[in-house]
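The structure appears right after this line, and notes come after that.
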Protein chains: 2
Amino acid sequence: MARAATTSDAFNAVAEPRRREILTLLVVREHAVSEIVATLRIDQPSVSKHLRVLRDTGLVRMRCQGRQKFYQTNAEAIRPMHDWTATFERYWRHQLMRVKERAEAKASQISASDAANKEKK
Amino acid sequence: MARAATTSDAFNAVAEPRRREILTLLVVREHAVSEIVATLRIDQPSVSKHLRVLRDTGLVRMRCQGRQKFYQTNAEAIRPMHDWTATFERYWRHQLMRVKERAEAKASQISASDAANKEKK
DNA sequence: TTGACATATTCCGATATAGGCATATATTTG
DNA sequence: CAAATATATGCCTATATCGGAATATGTCAA
């Protein structure tokens, strides 16, 4: 079996750096395809293909106006990823605390040896 | 060009559902490979391969003990993803607020028409 | 040393990809 | 209608994948 389709879920769609750029651009305000092409300097067919993936996964919404199509990020669709990563937050907090504790322990050791050196002198 | 390598960054590594399961399992406490195999019901070679990807992206740490190898999630490595998704938080909050506002507007319209109906009667 | 156990790697086949280029499909304008 | 504009799709190639099976590597125990 090959890798899961990019259209299968947000995690796969967002694995592509270009698509992350597009999402970041489109979350502030809607953009026409040509604006995305100009801003991010990506070939138009490539942009259209990325937008297709993002649309299929519900990460962007489209609005037609004349011959232009305006896309905007659907931030709600990113929430599941945020929630998933958030389950790890307490653990990296914990890790950071341990690092800090070790640093402080080391620091106190150093001041202790400083004191010892001082005594030596 | 093909898709970016799963080993290129956390986003790509985490795109695979199995690997997300493994990370969730290993964040609570370290597990030997055989324990992962038993718990998640995945073939041993497959687990080893996923662990390799997770190790290459820094998402897990390994500790050898005899013939066993214990893996544990390095939660810190998930933080960049959390940070990236967090940049969208204010936007989905905003979207939710608008949805709520519309719902309330609609509700007040309904009560208004209810009132009108009442008057009619 | 031999064998049992734990884990990693390799080879295979099928598939989904991303980019580049050409082209098709609207839609507006003259 | 024809030309111009805006976007989407199709075709192609190279590549990275995932799973499965076999096998290699490494470690302990008798």
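We label chains A, B, ... in the order they appear in the structure tokens, count residues from 1 in each chain, and number ligands from 1 in the order shown.
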Would you kindly return, as a ChimeraX atom specification, each protein, DNA or RNA residue with an atom no farther than 10 Å from any atom of Thr85 of chain A, considering only C-alpha atoms (C1' of nucleotides) and excluding same-chain residues fewer than 5 positions away?
-> /A:79-80 /B:20,24,75,78-83,85-86
For the selection just defined, write its residues with N, CA and C atoms to a file, as a compact mmCIF listing (two decimals), in the first residue's frame.
# COMPACT_ATOMS: atom_id res chain seq x y z
N ARG A 79 -8.79 22.81 13.67
CA ARG A 79 -8.97 22.57 15.10
C ARG A 79 -8.65 21.15 15.55
N PRO A 80 -9.06 20.12 14.82
CA PRO A 80 -8.73 18.76 15.26
C PRO A 80 -7.23 18.55 15.42
N ARG B 20 0.59 8.38 14.70
CA ARG B 20 -0.07 9.20 15.73
C ARG B 20 -0.47 8.31 16.90
N THR B 24 0.86 8.71 20.77
CA THR B 24 -0.08 8.84 21.88
C THR B 24 0.20 7.80 22.95
N ALA B 75 7.83 14.91 23.47
CA ALA B 75 6.71 15.83 23.28
C ALA B 75 7.16 17.17 22.70
N ILE B 78 6.63 18.01 19.10
CA ILE B 78 5.28 18.22 18.58
C ILE B 78 4.89 19.69 18.71
N ARG B 79 5.66 20.39 19.52
CA ARG B 79 5.34 21.78 19.80
C ARG B 79 5.24 22.66 18.55
N PRO B 80 6.15 22.55 17.59
CA PRO B 80 6.05 23.40 16.40
C PRO B 80 4.70 23.25 15.69
N MET B 81 4.19 22.03 15.67
CA MET B 81 2.87 21.81 15.05
C MET B 81 1.79 22.51 15.86
N HIS B 82 1.89 22.38 17.17
CA HIS B 82 0.91 23.02 18.03
C HIS B 82 0.94 24.53 17.83
N ASP B 83 2.15 25.07 17.75
CA ASP B 83 2.29 26.51 17.56
C ASP B 83 1.69 26.95 16.23
N THR B 85 -0.68 25.47 14.40
CA THR B 85 -2.14 25.40 14.42
C THR B 85 -2.72 26.50 15.30
N ALA B 86 -1.97 26.89 16.32
CA ALA B 86 -2.46 27.91 17.26
C ALA B 86 -2.65 29.26 16.56
Could you list, as a PyMOL selection string, every residue of chain C that has an atom within 10 Å of an atom of chain B, counting only C-alpha atoms (C1' of nucleotides)?
-> chain C and resi 5-9+16-20
Among chain A, which residues carry a DSSP assignment of strand (DSSP E), reported as JSON, numbers by chain?
-> {"A": [31, 32, 60, 61, 62, 63, 64, 65, 68, 69, 70, 71, 72, 73]}
What would the file look like if the residues just selected were written as a compact mmCIF listing (two decimals), in the first residue's frame with N, CA and C atoms?
# COMPACT_ATOMS: atom_id res chain seq x y z
N HIS A 31 -8.60 35.38 -0.91
CA HIS A 31 -7.76 35.79 -2.03
C HIS A 31 -8.23 35.10 -3.29
N ALA A 32 -8.11 35.77 -4.42
CA ALA A 32 -8.33 35.13 -5.70
C ALA A 32 -7.12 34.26 -6.02
N VAL A 60 -10.33 24.82 3.07
CA VAL A 60 -10.64 26.13 2.51
C VAL A 60 -12.06 26.14 1.94
N ARG A 61 -12.60 27.33 1.84
CA ARG A 61 -13.92 27.54 1.26
C ARG A 61 -13.74 28.38 0.01
N MET A 62 -14.65 28.20 -0.96
CA MET A 62 -14.53 28.93 -2.22
C MET A 62 -15.77 29.76 -2.48
N ARG A 63 -15.56 30.90 -3.14
CA ARG A 63 -16.67 31.75 -3.51
C ARG A 63 -16.42 32.22 -4.94
N CYS A 64 -17.39 32.06 -5.81
CA CYS A 64 -17.23 32.47 -7.20
C CYS A 64 -17.71 33.91 -7.35
N GLN A 65 -16.95 34.65 -8.16
CA GLN A 65 -17.39 36.01 -8.49
C GLN A 65 -16.87 36.31 -9.88
N GLN A 68 -13.47 35.03 -11.45
CA GLN A 68 -12.53 34.81 -10.36
C GLN A 68 -13.13 33.91 -9.31
N LYS A 69 -12.25 33.22 -8.60
CA LYS A 69 -12.71 32.40 -7.49
C LYS A 69 -11.92 32.81 -6.26
N PHE A 70 -12.61 33.13 -5.22
CA PHE A 70 -11.97 33.58 -3.99
C PHE A 70 -11.95 32.45 -2.97
N TYR A 71 -10.80 32.23 -2.45
CA TYR A 71 -10.62 31.17 -1.46
C TYR A 71 -10.32 31.77 -0.10
N GLN A 72 -10.82 31.09 0.92
CA GLN A 72 -10.50 31.50 2.29
C GLN A 72 -10.35 30.27 3.16
N THR A 73 -9.43 30.37 4.09
CA THR A 73 -9.19 29.25 5.01
C THR A 73 -10.40 29.03 5.92
Write out as JSON lines a residue-level contact list of chain D versus chain B with cut-off 8 Å: for each qualifying residue the closest pair of atoms and the distance in Å to one decimal, counting only C-alpha atoms (C1' of nucleotides), rows sorted by chain and residue number upward.
{"residue": "D:DA14", "atom": "C1'", "partner": "B:Met1", "partner_atom": "CA", "distance": 6.0}
{"residue": "D:DT15", "atom": "C1'", "partner": "B:Ala2", "partner_atom": "CA", "distance": 4.7}
{"residue": "D:DA16", "atom": "C1'", "partner": "B:Ala5", "partner_atom": "CA", "distance": 6.2}
{"residue": "D:DG19", "atom": "C1'", "partner": "B:Ser46", "partner_atom": "CA", "distance": 7.5}
{"residue": "D:DG26", "atom": "C1'", "partner": "B:Arg67", "partner_atom": "CA", "distance": 7.2}
{"residue": "D:DT27", "atom": "C1'", "partner": "B:Arg67", "partner_atom": "CA", "distance": 5.0}
{"residue": "D:DC28", "atom": "C1'", "partner": "B:Arg67", "partner_atom": "CA", "distance": 7.4}
Do you have the atom CA of Leu23 of chain A-atom CA of Asn12 of chain B distance handy?
->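 That distance, rounded to one decimal, is 16.5 Å.
In this structure, atom CA of Arg18 of chain B sits 20.2 Å away from atom C1' of DA21 of chain D.
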Separation of atom CA of Phe11 of chain B from atom CA of Leu25 of chain B in Å =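 Rounded to one decimal, the two atoms are 18.3 Å apart.
Look at segment 94-97 of chain A: the protein and nucleic acid residues within 12 Å of it, using only C-alpha atoms (C1' of nucleotides) and passing over chain neighbours fewer than 4 places away, are Phe88, Glu89, Arg90, Glu101, Arg102, Ala103 and Glu104 of chain A; Val27, Val28, Thr73, Asn74, Ala75, Glu76, Ala77 and Arg79 of chain B.
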DSSP helix (DSSP H, G or I) residues within chain A, listed as a VMD selection string = chain A and resid 10 to 13 17 to 28 33 to 40 44 to 56 75 to 86 89 to 120
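When only C-alpha atoms are used to compute distances to chain B, the closest of the residues A:Ala15, A:Leu54, A:Asp9, A:Leu59 turns out to be A:Ala15.
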Closest of B:Thr57, B:Ile22, B:Ser8, B:Tyr91 to chain A, counting only C-alpha atoms, is B:Tyr91
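Across B:Thr7, B:Val14, B:Glu30, B:Ala105, the tightest approach to chain A is made by B:Val14 when counting only C-alpha atoms.
For the choices B:Asp56, B:Ile36, B:Thr87, B:Trp92, the atom-to-atom distance to chain A is smallest for B:Trp92 when using only C-alpha atoms.
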